[in-house]
Amino acid sequence: MGLTLRQFDGDPASPEPPPTLSSIIGTGAHRFDAAYLHVPFCFHKCHYCDFYSVVDADDQQESFIERLVGEVELQARHVSGPLDSVFMGGGTPTLLRPELLSRLLEAISTHLPLSDGCEWTVEANPETVTPEIAEVLAAGGVNRASIGCQSFSPRLLRALERRHDPASVPRAVESLRRAGIGSCSLDLIMGIPGSSMADWRSDLEQAIALEPDHLSCYGLQYEPNTPLAAKLARGRVEAVAQEVEAGMYEWTCERLRTAGWEQYEISNWARPGRCCRHNLVYWTGGSWLAMGPSAAGHLDGVRWRNVPRHASWQAGDGWPLLEDLERLDDSTRHGEQLMLELRLNRGIELDRLDCMVQGDGCEQRRVAIETGRRDGLLELESGRLRLTARGRLLADSLLCQLV
Amino acid sequence: MNIRNFSIIAHIDHGKSTLADRLLQETRAVDERKHKDQLLDSMDLERERGITIKAAAVTVPWEFGGEHYQLNFIDTPGHVDFTYEVSRALTACEGAVLVVDAAQGIQAQTVANAYLAVENDLELIPVINKIDLPAADPVRVAMEIEQVLGLPAEDCIQVSAKTGEGIRELLDAICEKLPDPPAPTTDKLRALIFDSHYDDYRGVVVSTRVFDGKLSVGQKILMMGTGRPWTVTDLGKNTPFPVQVKELGTNEAGWMVASIKTLGDVRVGDTITLQSDPAPEALPGYEEPKQMVFCDFYPATSAGGGKKGDFETLREAMERLHINDASFTYEVQHSEALGFGFRCGFLGLLHMDIVQERIEREGGVEIVQTAPTVSYMIDLKDGSSVEIQNPADLPDPNHIEGIREPIVKLEMICPEDNIGDLMKLCDARRGIFKSQQYLSETRQILDFELPLAEIIYDFYDKLKSITRGYGTMDYEIIGYRQDNLSKVSIMVNGQPVEALSLICHRSNAEHRSRAILAKLRKQIDRHQFEIALQAAIGGKIIARETVKALRKNVTAKCYGGDITRKRKLLEKQKAGKQRMKTIGSVNIPQEAFMAVLEQE
């Protein structure tokens with residue numbers, strides 16, 4: 001008789017081992033539309049950001065990439081068909097050393113089945129996009145970049161504790177184009193503390209002038225547990241009045257519409273045919289893989305998030321440990337679909353809408369839709385229910401009645 | 001046996017309790033080991049606040065001029081709200097020791113209590129206490145006493161309750177200067193109830209002073225005010241520890257137990273007589289306790305979700321406390337806006353504070369207390385009158401001839417420099433100037449008549465801040481008087497919110513309304529439409545605030561990883577809305593009503 005030592009991974013008082021992704025996709029093969037990879041490294045934590053990130057961890061890049069590559073290989077075995085998009089976000093994926101970045105891209109294209117013309121996006125901090133990095137990205141198969149521009153005003157960037165030189169944005173766009181990555185999206189933030197309508201106009205005009213094919217214009221959100229939210233609570237920054245922010249938003253819609261841009265979601269605009277396919281997977285109930293710490297995935301009504309622990313997000317067998325594992329019932333799934341698809345300008349086809357609001361216990365949803373139409377937040381247009389311009393500004397007031 | 005029945009009267013903090021202790025100690029009545037500071041105050045709360053709420057009688061022996069004396073020291077409650085109880089306790093005495101702090105001199109309550117004693121024909125012995133203090137100025141204080149109360153300065157006895165100096169002289173003076181009790185006027189039993197308290201083991205314990213006849217164990221007695229009979233099961237005296245006796249003779253004071261279950265069955269001021277052989281007339285001065293200040297108590301947690309359990313806990317705490325203090329009233333109050341709570345009536349402001357504190361402390365329940373109001377007499381056109389304590393109970397304005405409100409006689413003692421500011425304050429509070437008198441070269445006594453409603457609303461704080469803490473006040477309710485009073489309705493989008501209505505004088509209706517609307521505005525979230533918050537008298541709008549329409553309420557970002565979180569945030573928003581009250585299609589959180597009504 002030998003002595004069996006049992007090792008617990010986690011709370012020794014809990015008899016259940018924490019769930020890993022293996023329990024969801026570890027057997028058989030599953031149909032996925034996309035893959036998301038999270039690279040948590042940043043050189044500075046911006047004061048509005050609530051994404052999972054680690055700072056000052058250069059020496060950990062190599063071991064991290066090794067483990068992430070292992071995870072790509074492991075998860076790839078359970079994907080049945082080609083993926084239509086890959087998105088590498090962060091953190092700052094472009095902060096990786098070129099050889100490590102290259103290694104990760106190679107693993108993705110080698111192991112994951114990618115469709116012809118697969119949209120492959122990398123999120124980029126403008127200052128990190130050197131000509132060398134741009135070359136590595138292009139050579140590795142990346143065909144789209146999403147640049148965290150936020151503002152062109154040094155004063156407003158400072159208000160966000162975002163430390164990049166605004167001049168680095170055109171330089172990054174240029175480097176990417178020279179390397180052959182022509183599809184570029186710029187992220188802008190409206191309503192930064194201390195910003196006026198004139199500031200916003202200037203930011204948007206400068207972004208348009210760089211001729212990206214996609215623009216995300218986000219109203220600043222004071223996310224709980226961020227330094228910016230704490231400053232707001234203590235009165236050290238003053239939020240832009242909602243009248244002003246609403247004016248900025250309305251002006252943006254009008255300015256981009258007349259310039260031939262298509263608004264396809266509350267905060268997103270694209271040149272014709274250039275909507276972000278990856279985002280649409282999120283918003284139309286598609287399934288996607290999640291790799292790396294804190295990445296969130298979805299497969300047919302099951303949602304999960306890998307634990308946000310850089311050092312130990314994986315179990316011993318290489319599968320990510322999970323938190324927030326959730327199996328949605330029909331009603332919750334319908335609520336999510338309403339929440340997400342009504343944010344799209346195209347709205348929801350009435351036939352599909354029917355099955356989301358006809359069941360027992362959906363009375364409240366039906367009343368909310370009627371009230372929304374009466375209050376001018378919703379409209380019926382060529383067989384679809386969608387938000388009006390006013391509805392887009394007050395979407396949460398409506399959507400909270402539909403979830 | 002010589003008997004001396006006396007009280008000690010003083011302004012708060014002038015050292016009454018310490019002096020009482022010292023007197024008992026000097027008569028060797030108190031064993032050093034059993035000696036607790038301030039023996040007569042039995043409740044923690046009283047000890048902490050340095051005030052005496054419940055009276056008690058202590059009997060101690062003293063020898064003077066070779067004769068034995070029985071000193072019955074009758075303690076009095078130390079605050080204005082208990083004026084009636086103080087007056088009953090004084091009625092049980094023939095004399096009083098008037099204590100004045102050697103540094104602070106005469107204060108408002110000193111004067112009020114001294115007048116009360118004089119009204120009751122009591123002989124006064126002026127005592128200047130705390131002469132050990134560095135700031136003591138007994139000569140000046142003696143002059144004040146002579147000036148204001150007409151007691152010769154040279155008659156003042158200088159003592160230090162702390163060091164014991166002058167205590168024996170005081171005991172001698174009590175024997176020498178205070179009169180013998182009067183001879184009985186009838187052979188039938190008449191005993192005055194001057195206090196009562198509840199004891200967990202014995203039920204109600206009544207403190208009484210026998211004026212005529214004698215009270216014995218086993219007697220069937222009758223309380224002449226309430227008309228209720230009881231049987232005496234136990235009699236005793238405090239020496240200061242309780243000692244049973246078979247009887248209390250003429251002019252003696254002590255306690256009585258008679259199987260009385262609740263304090264509500266006993267009225268201070270009532271007369272005890274024999275059921276079989278009653279006195280033809282009760283002792284004079286009996287009055288029903290009258291509640292003058294009203295407010296609502298709600299369980300604090302009800303704002304969070306309105307659990308029934310919190311209300312039940314509060315109810316139990318109220319019931320328990322009422323056994324100990326029958327002088328406050330309470331009845332269940334249900335408001336659409338605020339849920340379940342209690343409408344409570346108190347003798348005065350301090351009484352209200354004490355009850356609130358005891359409910360929280362002894363009942364273990366946290367309460368939200370609404371701002372206090374007073375009772376109003378509503379004279380109707382048909383010639384009848386109704387008394388209301390709640391603006392919501394106001395009859396149809398078309399039937400109202402006039403509204404009367406309680407008026408107090410207010411006496412303030414303050415440094416001369418602050419007279420102007422105090423006059424302005426009283427003027428702004430609809431005060432009528434009555435008199436002004438120099439107390440010394442630097443201090444004055446001001447007399448005003450003011451509506452009670454004006455002093456329950458931050459008046460005392462204002463007085464303290466104007467006089468930098470040196471001013472003192474005392475008030476007494478003198479009756480009801482008609483004034484230009486109106487009911488102000490608060491409306492949300494044209495819909496009246498009864499729970500927020502108030503009665504106030506026309507001249508400050510705008511001011512009060514604006515303060516309420518401003519508070520309410522901060523509590524109501526923006527809606528998709530503009531919300532009008534209005535205050536109105538009759539149909540006339542007198543103040544308005546606007547909650548601007550919501551212009552933007554949208555989550556900008558919704559990444560893949562955000563979906564669950566965003567959905568939960570929206571679900572939380574939805575749940576929040578469902579908990580709110582809807583008035584005129586406006587969602588108002590219960591916290592909003594609380595915030596507006598709560599006392600600051």
# chains A, B, ... in the order shown; residues from 1 in each chain; ligands from 1
>>> interface_residues(of="chain B", to="chain A", cutoff="8 Å", atoms="only C-alpha atoms", output="list of chain:residue names")
B:Leu550, B:Arg551, B:Lys552, B:Asn553, B:Val554, B:Thr555, B:Ala556, B:Lys557, B:Tyr559, B:Gly560, B:Gly561, B:Ile563, B:Thr564, B:Arg567, B:Leu570, B:Glu571, B:Gln573, B:Lys574
>>> write_last_selection(atoms="N, CA, C and O atoms", output="short mmCIF file (atom, residue, chain, number, x, y, z; two decimals), in the first residue's frame")
data_model
loop_
_atom_site.label_atom_id
_atom_site.label_comp_id
_atom_site.auth_asym_id
_atom_site.auth_seq_id
_atom_site.Cartn_x
_atom_site.Cartn_y
_atom_site.Cartn_z
N LEU B 550 -33.93 63.09 -20.10
CA LEU B 550 -32.73 62.28 -20.35
C LEU B 550 -32.32 62.46 -21.80
O LEU B 550 -33.14 62.33 -22.70
N ARG B 551 -31.06 62.78 -22.03
CA ARG B 551 -30.62 62.98 -23.40
C ARG B 551 -29.81 61.78 -23.88
O ARG B 551 -29.69 61.54 -25.07
N LYS B 552 -29.17 61.11 -22.97
CA LYS B 552 -28.28 60.06 -23.42
C LYS B 552 -28.21 58.99 -22.35
O LYS B 552 -27.92 59.26 -21.20
N ASN B 553 -28.53 57.78 -22.73
CA ASN B 553 -28.40 56.64 -21.83
C ASN B 553 -28.12 55.43 -22.69
O ASN B 553 -29.00 54.71 -23.11
N VAL B 554 -26.86 55.28 -23.02
CA VAL B 554 -26.51 54.17 -23.91
C VAL B 554 -25.10 53.69 -23.58
O VAL B 554 -24.20 54.47 -23.31
N THR B 555 -24.97 52.37 -23.53
CA THR B 555 -23.66 51.77 -23.35
C THR B 555 -22.94 51.87 -24.68
O THR B 555 -23.45 51.41 -25.70
N ALA B 556 -21.77 52.48 -24.68
CA ALA B 556 -21.08 52.70 -25.95
C ALA B 556 -20.52 51.40 -26.50
O ALA B 556 -20.69 51.06 -27.66
N LYS B 557 -19.84 50.67 -25.64
CA LYS B 557 -19.08 49.51 -26.11
C LYS B 557 -19.76 48.23 -25.73
O LYS B 557 -20.26 48.10 -24.61
N TYR B 559 -18.21 44.63 -26.34
CA TYR B 559 -17.32 43.62 -26.88
C TYR B 559 -17.81 42.22 -26.52
O TYR B 559 -18.70 42.07 -25.69
N GLY B 560 -17.19 41.24 -27.13
CA GLY B 560 -17.58 39.85 -26.89
C GLY B 560 -17.56 39.48 -25.43
O GLY B 560 -18.46 38.83 -24.92
N GLY B 561 -16.52 39.95 -24.75
CA GLY B 561 -16.37 39.59 -23.35
C GLY B 561 -17.31 40.36 -22.43
O GLY B 561 -17.45 40.05 -21.27
N ILE B 563 -20.59 40.86 -22.95
CA ILE B 563 -22.02 40.62 -23.14
C ILE B 563 -22.74 40.25 -21.85
O ILE B 563 -23.74 40.85 -21.49
N THR B 564 -22.17 39.27 -21.12
CA THR B 564 -22.83 38.85 -19.88
C THR B 564 -22.94 40.03 -18.91
O THR B 564 -23.98 40.28 -18.31
N ARG B 567 -25.50 42.58 -19.98
CA ARG B 567 -26.85 42.10 -19.77
C ARG B 567 -27.22 42.23 -18.30
O ARG B 567 -28.30 42.68 -17.94
N LEU B 570 -28.02 45.76 -17.36
CA LEU B 570 -29.37 46.14 -17.80
C LEU B 570 -30.43 45.51 -16.92
O LEU B 570 -31.43 46.13 -16.58
N GLU B 571 -30.19 44.26 -16.53
CA GLU B 571 -31.15 43.58 -15.64
C GLU B 571 -31.25 44.32 -14.31
O GLU B 571 -32.32 44.45 -13.73
N GLN B 573 -30.69 47.54 -13.90
CA GLN B 573 -31.46 48.76 -14.17
C GLN B 573 -32.96 48.46 -14.13
O GLN B 573 -33.75 49.21 -13.58
N LYS B 574 -33.31 47.32 -14.76
CA LYS B 574 -34.72 46.94 -14.82
C LYS B 574 -35.26 46.69 -13.41
O LYS B 574 -36.31 47.20 -13.04
#
>>> select_by_dssp(residues="range 162-280 of chain A", states="strand (DSSP E)", output="PyMOL selection string")
chain A and resi 183-190+214-219+262-265+268-270
>>> select_by_dssp(residues="range 316-382 of chain A", states="alpha helix (DSSP H)", output="number ranges by chain")
A: 330-341, 350-357, 363-374
>>> write_last_selection(atoms="N, CA and C atoms", output="mmCIF file, in the first residue's frame")
data_model
loop_
_atom_site.group_PDB
_atom_site.id
_atom_site.type_symbol
_atom_site.label_atom_id
_atom_site.label_comp_id
_atom_site.auth_asym_id
_atom_site.auth_seq_id
_atom_site.Cartn_x
_atom_site.Cartn_y
_atom_site.Cartn_z
ATOM 1 N N ASP A 330 -33.500 29.730 -22.849
ATOM 2 C CA ASP A 330 -34.024 30.368 -24.064
ATOM 3 C C ASP A 330 -34.362 31.837 -23.842
ATOM 4 N N SER A 331 -35.022 32.101 -22.702
ATOM 5 C CA SER A 331 -35.476 33.469 -22.475
ATOM 6 C C SER A 331 -34.284 34.423 -22.340
ATOM 7 N N THR A 332 -33.265 33.985 -21.606
ATOM 8 C CA THR A 332 -32.083 34.832 -21.443
ATOM 9 C C THR A 332 -31.386 35.036 -22.790
ATOM 10 N N ARG A 333 -31.353 33.956 -23.591
ATOM 11 C CA ARG A 333 -30.710 34.047 -24.905
ATOM 12 C C ARG A 333 -31.453 35.027 -25.801
ATOM 13 N N HIS A 334 -32.773 34.962 -25.701
ATOM 14 C CA HIS A 334 -33.566 35.900 -26.499
ATOM 15 C C HIS A 334 -33.332 37.333 -26.032
ATOM 16 N N GLY A 335 -33.239 37.495 -24.718
ATOM 17 C CA GLY A 335 -32.984 38.823 -24.159
ATOM 18 C C GLY A 335 -31.657 39.373 -24.667
ATOM 19 N N GLU A 336 -30.647 38.514 -24.683
ATOM 20 C CA GLU A 336 -29.338 38.946 -25.186
ATOM 21 C C GLU A 336 -29.407 39.319 -26.655
ATOM 22 N N GLN A 337 -30.140 38.514 -27.420
ATOM 23 C CA GLN A 337 -30.241 38.808 -28.859
ATOM 24 C C GLN A 337 -30.913 40.154 -29.088
ATOM 25 N N LEU A 338 -31.966 40.407 -28.297
ATOM 26 C CA LEU A 338 -32.640 41.700 -28.430
ATOM 27 C C LEU A 338 -31.668 42.821 -28.082
ATOM 28 N N MET A 339 -30.944 42.626 -26.985
ATOM 29 C CA MET A 339 -30.003 43.646 -26.520
ATOM 30 C C MET A 339 -28.930 43.940 -27.565
ATOM 31 N N LEU A 340 -28.428 42.878 -28.190
ATOM 32 C CA LEU A 340 -27.313 43.061 -29.126
ATOM 33 C C LEU A 340 -27.779 43.469 -30.520
ATOM 34 N N GLU A 341 -28.814 42.801 -31.019
ATOM 35 C CA GLU A 341 -29.178 43.037 -32.421
ATOM 36 C C GLU A 341 -29.928 44.333 -32.622
ATOM 37 N N LEU A 350 -38.895 40.963 -38.338
ATOM 38 C CA LEU A 350 -40.077 40.723 -37.501
ATOM 39 C C LEU A 350 -40.309 39.245 -37.240
ATOM 40 N N ASP A 351 -40.020 38.397 -38.223
ATOM 41 C CA ASP A 351 -40.219 36.953 -38.027
ATOM 42 C C ASP A 351 -39.382 36.448 -36.858
ATOM 43 N N ARG A 352 -38.114 36.883 -36.832
ATOM 44 C CA ARG A 352 -37.234 36.447 -35.737
ATOM 45 C C ARG A 352 -37.669 37.088 -34.424
ATOM 46 N N LEU A 353 -38.087 38.340 -34.514
ATOM 47 C CA LEU A 353 -38.539 39.053 -33.314
ATOM 48 C C LEU A 353 -39.682 38.294 -32.649
ATOM 49 N N ASP A 354 -40.615 37.813 -33.490
ATOM 50 C CA ASP A 354 -41.777 37.099 -32.963
ATOM 51 C C ASP A 354 -41.376 35.997 -32.006
ATOM 52 N N CYS A 355 -40.394 35.204 -32.408
ATOM 53 C CA CYS A 355 -40.069 34.067 -31.546
ATOM 54 C C CYS A 355 -39.355 34.523 -30.269
ATOM 55 N N MET A 356 -38.855 35.756 -30.252
ATOM 56 C CA MET A 356 -38.206 36.243 -29.021
ATOM 57 C C MET A 356 -39.193 36.863 -28.038
ATOM 58 N N VAL A 357 -40.354 37.277 -28.533
ATOM 59 C CA VAL A 357 -41.279 37.983 -27.639
ATOM 60 C C VAL A 357 -42.650 37.334 -27.531
ATOM 61 N N GLU A 363 -44.634 39.131 -21.812
ATOM 62 C CA GLU A 363 -45.556 40.262 -21.830
ATOM 63 C C GLU A 363 -44.803 41.589 -21.692
ATOM 64 N N GLN A 364 -43.854 41.585 -20.745
ATOM 65 C CA GLN A 364 -43.130 42.829 -20.473
ATOM 66 C C GLN A 364 -42.358 43.306 -21.699
ATOM 67 N N ARG A 365 -41.784 42.339 -22.430
ATOM 68 C CA ARG A 365 -41.050 42.714 -23.644
ATOM 69 C C ARG A 365 -41.982 43.323 -24.679
ATOM 70 N N ARG A 366 -43.158 42.700 -24.822
ATOM 71 C CA ARG A 366 -44.099 43.225 -25.832
ATOM 72 C C ARG A 366 -44.551 44.634 -25.460
ATOM 73 N N VAL A 367 -44.812 44.836 -24.156
ATOM 74 C CA VAL A 367 -45.230 46.170 -23.717
ATOM 75 C C VAL A 367 -44.106 47.177 -23.959
ATOM 76 N N ALA A 368 -42.872 46.749 -23.635
ATOM 77 C CA ALA A 368 -41.734 47.669 -23.788
ATOM 78 C C ALA A 368 -41.544 48.063 -25.248
ATOM 79 N N ILE A 369 -41.762 47.110 -26.163
ATOM 80 C CA ILE A 369 -41.596 47.423 -27.590
ATOM 81 C C ILE A 369 -42.683 48.394 -28.035
ATOM 82 N N GLU A 370 -43.903 48.148 -27.576
ATOM 83 C CA GLU A 370 -44.989 49.071 -27.933
ATOM 84 C C GLU A 370 -44.716 50.467 -27.391
ATOM 85 N N THR A 371 -44.286 50.508 -26.101
ATOM 86 C CA THR A 371 -43.987 51.805 -25.487
ATOM 87 C C THR A 371 -42.833 52.482 -26.218
ATOM 88 N N GLY A 372 -41.843 51.682 -26.591
ATOM 89 C CA GLY A 372 -40.687 52.217 -27.313
ATOM 90 C C GLY A 372 -41.093 52.831 -28.652
ATOM 91 N N ARG A 373 -42.038 52.195 -29.306
ATOM 92 C CA ARG A 373 -42.507 52.749 -30.584
ATOM 93 C C ARG A 373 -43.283 54.036 -30.351
ATOM 94 N N ARG A 374 -44.115 53.999 -29.310
ATOM 95 C CA ARG A 374 -44.918 55.182 -29.009
ATOM 96 C C ARG A 374 -44.017 56.371 -28.633
#
>>> residues_around(residues="range 59-67 of chain B", least_positions_apart="4", cutoff="10 Å", atoms="only C-alpha atoms", output="ChimeraX atom specification")
/B:1-5,23-30,71-74,168,171-176,237-242,252-254
>>> atom_distance(atom1="CA of Leu160 in chain A", atom2="CA of Gly235 in chain A")
15.3 Å
>>> residues_around(residues="range 355-363 of chain B", least_positions_apart="2", cutoff="12 Å", atoms="only C-alpha atoms", output="number ranges by chain")
B: 43-46, 48-49, 53, 294-300, 310-322, 324-330, 342, 344-353, 365-370
>>> write_last_selection(atoms="C-alpha atoms", output="mmCIF file, in the first residue's frame")
data_model
loop_
_atom_site.group_PDB
_atom_site.id
_atom_site.type_symbol
_atom_site.label_atom_id
_atom_site.label_comp_id
_atom_site.auth_asym_id
_atom_site.auth_seq_id
_atom_site.Cartn_x
_atom_site.Cartn_y
_atom_site.Cartn_z
ATOM 1 C CA MET B 43 -30.321 54.282 32.820
ATOM 2 C CA ASP B 44 -27.136 54.168 30.734
ATOM 3 C CA LEU B 45 -28.629 56.645 28.358
ATOM 4 C CA GLU B 46 -29.215 59.158 31.101
ATOM 5 C CA GLU B 48 -24.293 59.268 28.810
ATOM 6 C CA ARG B 49 -26.337 62.319 28.113
ATOM 7 C CA ILE B 53 -35.142 61.338 32.756
ATOM 8 C CA PHE B 294 -44.759 64.449 16.000
ATOM 9 C CA CYS B 295 -42.717 62.519 13.511
ATOM 10 C CA ASP B 296 -42.673 59.196 11.706
ATOM 11 C CA PHE B 297 -40.343 56.303 12.382
ATOM 12 C CA TYR B 298 -39.669 53.877 9.546
ATOM 13 C CA PRO B 299 -37.376 50.883 9.643
ATOM 14 C CA ALA B 300 -34.189 52.099 7.930
ATOM 15 C CA ASP B 310 -37.910 45.025 9.771
ATOM 16 C CA PHE B 311 -41.250 46.609 10.475
ATOM 17 C CA GLU B 312 -42.122 43.844 12.929
ATOM 18 C CA THR B 313 -38.818 44.339 14.737
ATOM 19 C CA LEU B 314 -39.607 48.034 15.012
ATOM 20 C CA ARG B 315 -43.109 47.325 16.261
ATOM 21 C CA GLU B 316 -41.777 45.070 19.014
ATOM 22 C CA ALA B 317 -39.239 47.693 20.032
ATOM 23 C CA MET B 318 -41.954 50.378 20.203
ATOM 24 C CA GLU B 319 -44.211 48.154 22.289
ATOM 25 C CA ARG B 320 -41.403 47.309 24.670
ATOM 26 C CA LEU B 321 -40.353 50.900 25.149
ATOM 27 C CA HIS B 322 -43.907 52.054 25.637
ATOM 28 C CA ASN B 324 -41.356 52.068 30.156
ATOM 29 C CA ASP B 325 -42.475 55.397 28.803
ATOM 30 C CA ALA B 326 -46.185 55.863 28.373
ATOM 31 C CA SER B 327 -45.789 59.537 27.524
ATOM 32 C CA PHE B 328 -45.142 58.990 23.829
ATOM 33 C CA THR B 329 -47.805 57.763 21.449
ATOM 34 C CA TYR B 330 -47.468 55.653 18.343
ATOM 35 C CA PHE B 342 -45.229 54.579 12.895
ATOM 36 C CA CYS B 344 -45.309 59.039 16.922
ATOM 37 C CA GLY B 345 -46.123 61.847 19.332
ATOM 38 C CA PHE B 346 -43.739 63.255 21.955
ATOM 39 C CA LEU B 347 -43.813 65.766 24.785
ATOM 40 C CA GLY B 348 -41.067 67.733 23.068
ATOM 41 C CA LEU B 349 -37.930 67.563 20.964
ATOM 42 C CA LEU B 350 -35.595 66.037 23.519
ATOM 43 C CA HIS B 351 -38.207 63.468 24.370
ATOM 44 C CA MET B 352 -38.325 62.561 20.672
ATOM 45 C CA ASP B 353 -34.540 62.179 20.519
ATOM 46 C CA VAL B 365 -33.436 48.350 15.019
ATOM 47 C CA GLU B 366 -32.228 51.195 12.870
ATOM 48 C CA ILE B 367 -34.809 53.800 12.095
ATOM 49 C CA VAL B 368 -35.324 56.640 9.707
ATOM 50 C CA GLN B 369 -36.968 59.554 11.432
ATOM 51 C CA THR B 370 -38.888 62.136 9.458
#
>>> closest_residue(among="A:Leu380, A:Val169, A:Ala233, A:Met197", to="Trp251 in chain A", atoms="only C-alpha atoms")
A:Met197
>>> residues_around(residues="Pro152 in chain B", least_positions_apart="2", cutoff="12 Å", atoms="only C-alpha atoms", output="list in words")
Leu124, Ile125, Pro126, Val127, Val139, Val141, Ala142, Met143, Glu144, Ile145, Glu146, Gln147, Val148, Leu149, Gly150, Glu154, Asp155, Cys156 and Ile157 of chain B
>>> atom_distance(atom1="CA of Val217 in chain B", atom2="CA of Leu189 in chain B")
13.3 Å
>>> residues_around(residues="range 205-211 of chain B", least_positions_apart="2", cutoff="8 Å", atoms="only C-alpha atoms", output="ChimeraX atom specification")
/B:56-57,92,184,189-199,202-203,213-215,248-258
>>> residues_around(residues="Ile181 in chain A", least_positions_apart="2", cutoff="8 Å", atoms="only C-alpha atoms", output="list in words")
Ala134, Ala138, Val142, Asn143, Arg144, Ala145, Leu176, Arg177, Arg178, Ala179, Ser183 and Cys184 of chain A
>>> write_last_selection(atoms="N, CA and C atoms", output="PDB file, in the first residue's frame")
ATOM      1  N   ALA A 134       4.893  46.182 -38.335  1.00  0.00           N
ATOM      2  CA  ALA A 134       3.911  46.147 -39.426  1.00  0.00           C
ATOM      3  C   ALA A 134       4.268  45.034 -40.416  1.00  0.00           C
ATOM      4  N   ALA A 138       1.954  41.741 -41.306  1.00  0.00           N
ATOM      5  CA  ALA A 138       1.532  41.457 -42.685  1.00  0.00           C
ATOM      6  C   ALA A 138       2.031  40.086 -43.120  1.00  0.00           C
ATOM      7  N   VAL A 142      -1.928  38.868 -40.942  1.00  0.00           N
ATOM      8  CA  VAL A 142      -2.877  39.865 -40.436  1.00  0.00           C
ATOM      9  C   VAL A 142      -3.276  40.788 -41.580  1.00  0.00           C
ATOM     10  N   ASN A 143      -4.584  41.071 -41.715  1.00  0.00           N
ATOM     11  CA  ASN A 143      -5.012  41.947 -42.811  1.00  0.00           C
ATOM     12  C   ASN A 143      -5.834  43.149 -42.350  1.00  0.00           C
ATOM     13  N   ARG A 144      -5.898  43.326 -41.020  1.00  0.00           N
ATOM     14  CA  ARG A 144      -6.681  44.458 -40.520  1.00  0.00           C
ATOM     15  C   ARG A 144      -6.094  44.897 -39.183  1.00  0.00           C
ATOM     16  N   ALA A 145      -6.080  46.232 -38.976  1.00  0.00           N
ATOM     17  CA  ALA A 145      -5.570  46.737 -37.707  1.00  0.00           C
ATOM     18  C   ALA A 145      -6.610  47.665 -37.083  1.00  0.00           C
ATOM     19  N   LEU A 176       1.554  50.535 -41.629  1.00  0.00           N
ATOM     20  CA  LEU A 176       0.707  49.380 -41.912  1.00  0.00           C
ATOM     21  C   LEU A 176       0.412  49.295 -43.407  1.00  0.00           C
ATOM     22  N   ARG A 177       0.122  50.469 -43.981  1.00  0.00           N
ATOM     23  CA  ARG A 177      -0.204  50.476 -45.414  1.00  0.00           C
ATOM     24  C   ARG A 177       0.996  50.045 -46.244  1.00  0.00           C
ATOM     25  N   ARG A 178       2.164  50.582 -45.902  1.00  0.00           N
ATOM     26  CA  ARG A 178       3.366  50.204 -46.644  1.00  0.00           C
ATOM     27  C   ARG A 178       3.610  48.704 -46.577  1.00  0.00           C
ATOM     28  N   ALA A 179       3.275  48.110 -45.393  1.00  0.00           N
ATOM     29  CA  ALA A 179       3.495  46.672 -45.240  1.00  0.00           C
ATOM     30  C   ALA A 179       2.414  45.869 -45.960  1.00  0.00           C
ATOM     31  N   SER A 183      -6.525  47.696 -44.474  1.00  0.00           N
ATOM     32  CA  SER A 183      -7.775  47.864 -43.731  1.00  0.00           C
ATOM     33  C   SER A 183      -7.486  48.318 -42.309  1.00  0.00           C
ATOM     34  N   CYS A 184      -7.919  49.526 -42.031  1.00  0.00           N
ATOM     35  CA  CYS A 184      -7.598  50.138 -40.744  1.00  0.00           C
ATOM     36  C   CYS A 184      -8.855  50.658 -40.069  1.00  0.00           C
TER      37      CYS A 184
END
>>> closest_residue(among="A:Pro19, A:Gly292, A:Gly148, A:Gly301", to="Trp313 in chain A", atoms="only C-alpha atoms")
A:Gly292
>>> closest_residue(among="B:Ser7, B:Gln534, B:Ser585, B:Ser489", to="Arg521 in chain B", atoms="only C-alpha atoms")
B:Gln534
>>> closest_residue(among="A:Glu106, A:Glu174, A:Glu238, A:Asp203", to="Val72 in chain A", atoms="only C-alpha atoms")
A:Glu106
